[in-house]
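What follows is a set of notes on a single structure, which appears directly below.
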Amino acid sequence: MGEYYYHILLEIIRDNTKLSPNKMGIVDGTIGELTTLLYIQKSSPNQKIAKLFQDTFNKIIDSPINNYSLGFGLASFGWLVNLTRQENIMKSAFTEGDIEEINTVLEKELYLMIDARNFDYFRGSLGILYYLSQTEEQNYFNRTANYFVKEIEQCLKEHYNFSIIRSKEGKKERIINLGVPHGITGI
């Protein structure tokens, strides 16, 4: 990537960070920008990108987290931490204890989201479940996935409204919403 594109990218990320300093998620926050920087740095190492990544990452660490979801909160932060560890970037910055703490908090929140029937990918339990599936420690995923599946099965037995009613050939029928943002894509 040429120097010109680095400058454009750096300005966009700096501007976004100034405009939305409290947004940290993958969807519309700093984690999405850091993920972009991570892969650019991996493909074309550049000191400016590395410094921007580190400075921005440090700001997130110092920020309060008021959301747990993959799209907008702690799950996205944990996902990025795991990604940096897998890519051997800042591997020593977070201990197993730090990861364990994130996973424990997210496991508790996941159960609450499932019980509230919040199966959304970006804002709910499915996104946190995805995050847990990507971690090295699979005990969290195994426990929560089993509970998730049991609750989905229960919802289906109770005819819980996962579906949209559409007219097909003049008949109304129920279909399962498989859309990423609000459907049950991962099931």
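Labels for the structure tokens follow display order: chains A, B, ..., residues from 1 in each chain, ligands from 1.
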**OP:** Considering only C-alpha atoms, return as a PyMOL selection string whatever protein or nucleic-acid residues lie within 10 Å of region 65-70 of chain A, sequence-local ones (same chain, fewer than 5 positions apart) excluded.
**Re:** chain A and resi 22-27+60+75-79+102+105-106+109-110+113+120-131
Could those residues be written to a file, using N, CA, C and O atoms, as a tab-separated table (two decimals), in the first residue's frame?
```
chain	number	residue	atom	x	y	z
A	22	ASN	N	-16.29	7.32	22.23
A	22	ASN	CA	-16.87	6.32	23.13
A	22	ASN	C	-17.42	5.09	22.41
A	22	ASN	O	-17.94	4.20	23.04
A	23	LYS	N	-17.31	5.06	21.10
A	23	LYS	CA	-17.78	3.90	20.35
A	23	LYS	C	-16.60	2.96	20.16
A	23	LYS	O	-15.59	3.32	19.59
A	24	MET	N	-16.75	1.74	20.65
A	24	MET	CA	-15.62	0.84	20.57
A	24	MET	C	-15.86	-0.40	19.73
A	24	MET	O	-14.95	-1.15	19.47
A	25	GLY	N	-17.04	-0.67	19.27
A	25	GLY	CA	-17.37	-1.93	18.64
A	25	GLY	C	-16.84	-2.15	17.24
A	25	GLY	O	-16.25	-1.29	16.63
A	26	ILE	N	-17.11	-3.36	16.77
A	26	ILE	CA	-16.74	-3.74	15.41
A	26	ILE	C	-17.62	-3.01	14.41
A	26	ILE	O	-17.16	-2.58	13.36
A	27	VAL	N	-18.89	-2.85	14.71
A	27	VAL	CA	-19.85	-2.30	13.75
A	27	VAL	C	-19.58	-0.83	13.44
A	27	VAL	O	-19.48	-0.45	12.29
A	60	ILE	N	-8.65	2.46	24.29
A	60	ILE	CA	-9.77	1.56	24.57
A	60	ILE	C	-9.61	0.93	25.94
A	60	ILE	O	-10.56	0.82	26.70
A	75	ALA	N	-17.36	-7.93	23.96
A	75	ALA	CA	-17.07	-9.10	23.12
A	75	ALA	C	-16.19	-8.71	21.94
A	75	ALA	O	-15.30	-9.47	21.54
A	76	SER	N	-16.41	-7.52	21.38
A	76	SER	CA	-15.56	-7.08	20.27
A	76	SER	C	-14.15	-6.80	20.76
A	76	SER	O	-13.17	-7.11	20.08
A	77	PHE	N	-14.04	-6.25	21.96
A	77	PHE	CA	-12.71	-6.01	22.54
A	77	PHE	C	-11.99	-7.34	22.78
A	77	PHE	O	-10.83	-7.51	22.41
A	78	GLY	N	-12.69	-8.30	23.39
A	78	GLY	CA	-12.10	-9.62	23.61
A	78	GLY	C	-11.70	-10.29	22.31
A	78	GLY	O	-10.65	-10.92	22.20
A	79	TRP	N	-12.55	-10.13	21.29
A	79	TRP	CA	-12.25	-10.71	19.98
A	79	TRP	C	-10.96	-10.11	19.43
A	79	TRP	O	-10.11	-10.83	18.90
A	102	ILE	N	-12.43	-11.52	31.00
A	102	ILE	CA	-13.34	-11.12	29.92
A	102	ILE	C	-14.33	-12.23	29.62
A	102	ILE	O	-15.54	-11.99	29.53
A	105	VAL	N	-17.05	-12.65	32.42
A	105	VAL	CA	-18.06	-11.59	32.35
A	105	VAL	C	-19.00	-11.85	31.18
A	105	VAL	O	-20.24	-11.76	31.31
A	106	LEU	N	-18.44	-12.19	30.04
A	106	LEU	CA	-19.26	-12.41	28.85
A	106	LEU	C	-20.14	-13.65	28.97
A	106	LEU	O	-21.27	-13.67	28.48
A	109	GLU	N	-23.13	-12.56	31.00
A	109	GLU	CA	-23.99	-11.71	30.18
A	109	GLU	C	-24.71	-12.52	29.10
A	109	GLU	O	-25.87	-12.25	28.78
A	110	LEU	N	-24.03	-13.50	28.55
A	110	LEU	CA	-24.62	-14.35	27.52
A	110	LEU	C	-25.86	-15.07	28.05
A	110	LEU	O	-26.90	-15.10	27.40
A	113	MET	N	-28.69	-12.66	28.24
A	113	MET	CA	-29.22	-12.34	26.92
A	113	MET	C	-30.06	-13.49	26.37
A	113	MET	O	-31.11	-13.26	25.77
A	120	ASP	N	-29.77	-11.81	18.82
A	120	ASP	CA	-29.15	-10.97	17.79
A	120	ASP	C	-27.65	-11.24	17.69
A	120	ASP	O	-26.99	-11.55	18.68
A	121	TYR	N	-27.12	-11.12	16.49
A	121	TYR	CA	-25.70	-11.37	16.27
A	121	TYR	C	-24.84	-10.20	16.74
A	121	TYR	O	-23.88	-10.39	17.47
A	122	PHE	N	-25.17	-8.99	16.34
A	122	PHE	CA	-24.34	-7.85	16.69
A	122	PHE	C	-24.63	-7.29	18.08
A	122	PHE	O	-23.75	-6.74	18.73
A	123	ARG	N	-25.87	-7.39	18.55
A	123	ARG	CA	-26.25	-6.80	19.83
A	123	ARG	C	-26.61	-7.81	20.91
A	123	ARG	O	-26.92	-7.41	22.03
A	124	GLY	N	-26.58	-9.09	20.59
A	124	GLY	CA	-27.09	-10.08	21.53
A	124	GLY	C	-26.22	-11.30	21.73
A	124	GLY	O	-25.01	-11.29	21.52
A	125	SER	N	-26.89	-12.37	22.12
A	125	SER	CA	-26.21	-13.58	22.56
A	125	SER	C	-25.45	-14.31	21.45
A	125	SER	O	-24.39	-14.89	21.70
A	126	LEU	N	-25.95	-14.28	20.23
A	126	LEU	CA	-25.27	-15.01	19.15
A	126	LEU	C	-23.87	-14.45	18.88
A	126	LEU	O	-22.93	-15.20	18.63
A	127	GLY	N	-23.72	-13.13	18.95
A	127	GLY	CA	-22.40	-12.53	18.75
A	127	GLY	C	-21.43	-12.89	19.85
A	127	GLY	O	-20.26	-13.17	19.59
A	128	ILE	N	-21.91	-12.91	21.09
A	128	ILE	CA	-21.03	-13.30	22.20
A	128	ILE	C	-20.67	-14.77	22.07
A	128	ILE	O	-19.53	-15.17	22.30
A	129	LEU	N	-21.64	-15.58	21.67
A	129	LEU	CA	-21.36	-17.01	21.47
A	129	LEU	C	-20.30	-17.19	20.38
A	129	LEU	O	-19.39	-18.01	20.52
A	130	TYR	N	-20.41	-16.42	19.31
A	130	TYR	CA	-19.38	-16.47	18.26
A	130	TYR	C	-18.01	-16.12	18.84
A	130	TYR	O	-17.04	-16.81	18.58
A	131	TYR	N	-17.95	-15.03	19.60
A	131	TYR	CA	-16.67	-14.64	20.22
A	131	TYR	C	-16.10	-15.81	21.03
A	131	TYR	O	-14.93	-16.15	20.90
```
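Reported to one decimal place, the separation of CA of Glu107 (chain A) from CA of Ile89 (chain A) is 25.4 Å.
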Original post:
Any idea what the distance is between CA of Lys108 (chain A) and CA of Thr135 (chain A)?
Top reply: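 Distance reported for this atom pair: 16.1 Å.
Distance annotation: of A:Ile49, A:Asn82, A:Ile99, A:Thr30, the residue with the minimal separation from Ser63 (chain A) is A:Thr30; atom set is only C-alpha atoms.
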**OP:** Taking the DSSP assignment computed from this structure's backbone, write out as a PyMOL selection string all residues of region 36-112 of chain A that belong to helix (DSSP H, G or I).
**Re:** chain A and resi 36-43+47-61+74-86+91-93+96-112
Original post:
In Å, how far is it from CA of Phe148 (chain A) to CA of Arg85 (chain A)?
Top reply: 27.2 Å
**OP:** Excluding Glu87 (chain A) and residues on its chain fewer than 2 positions from it, collect all residues at most 12 Å away from it, counting only C-alpha atoms, and give them as a PyMOL selection string.
**Re:** chain A and resi 35+38-39+41-43+80-85+89-91
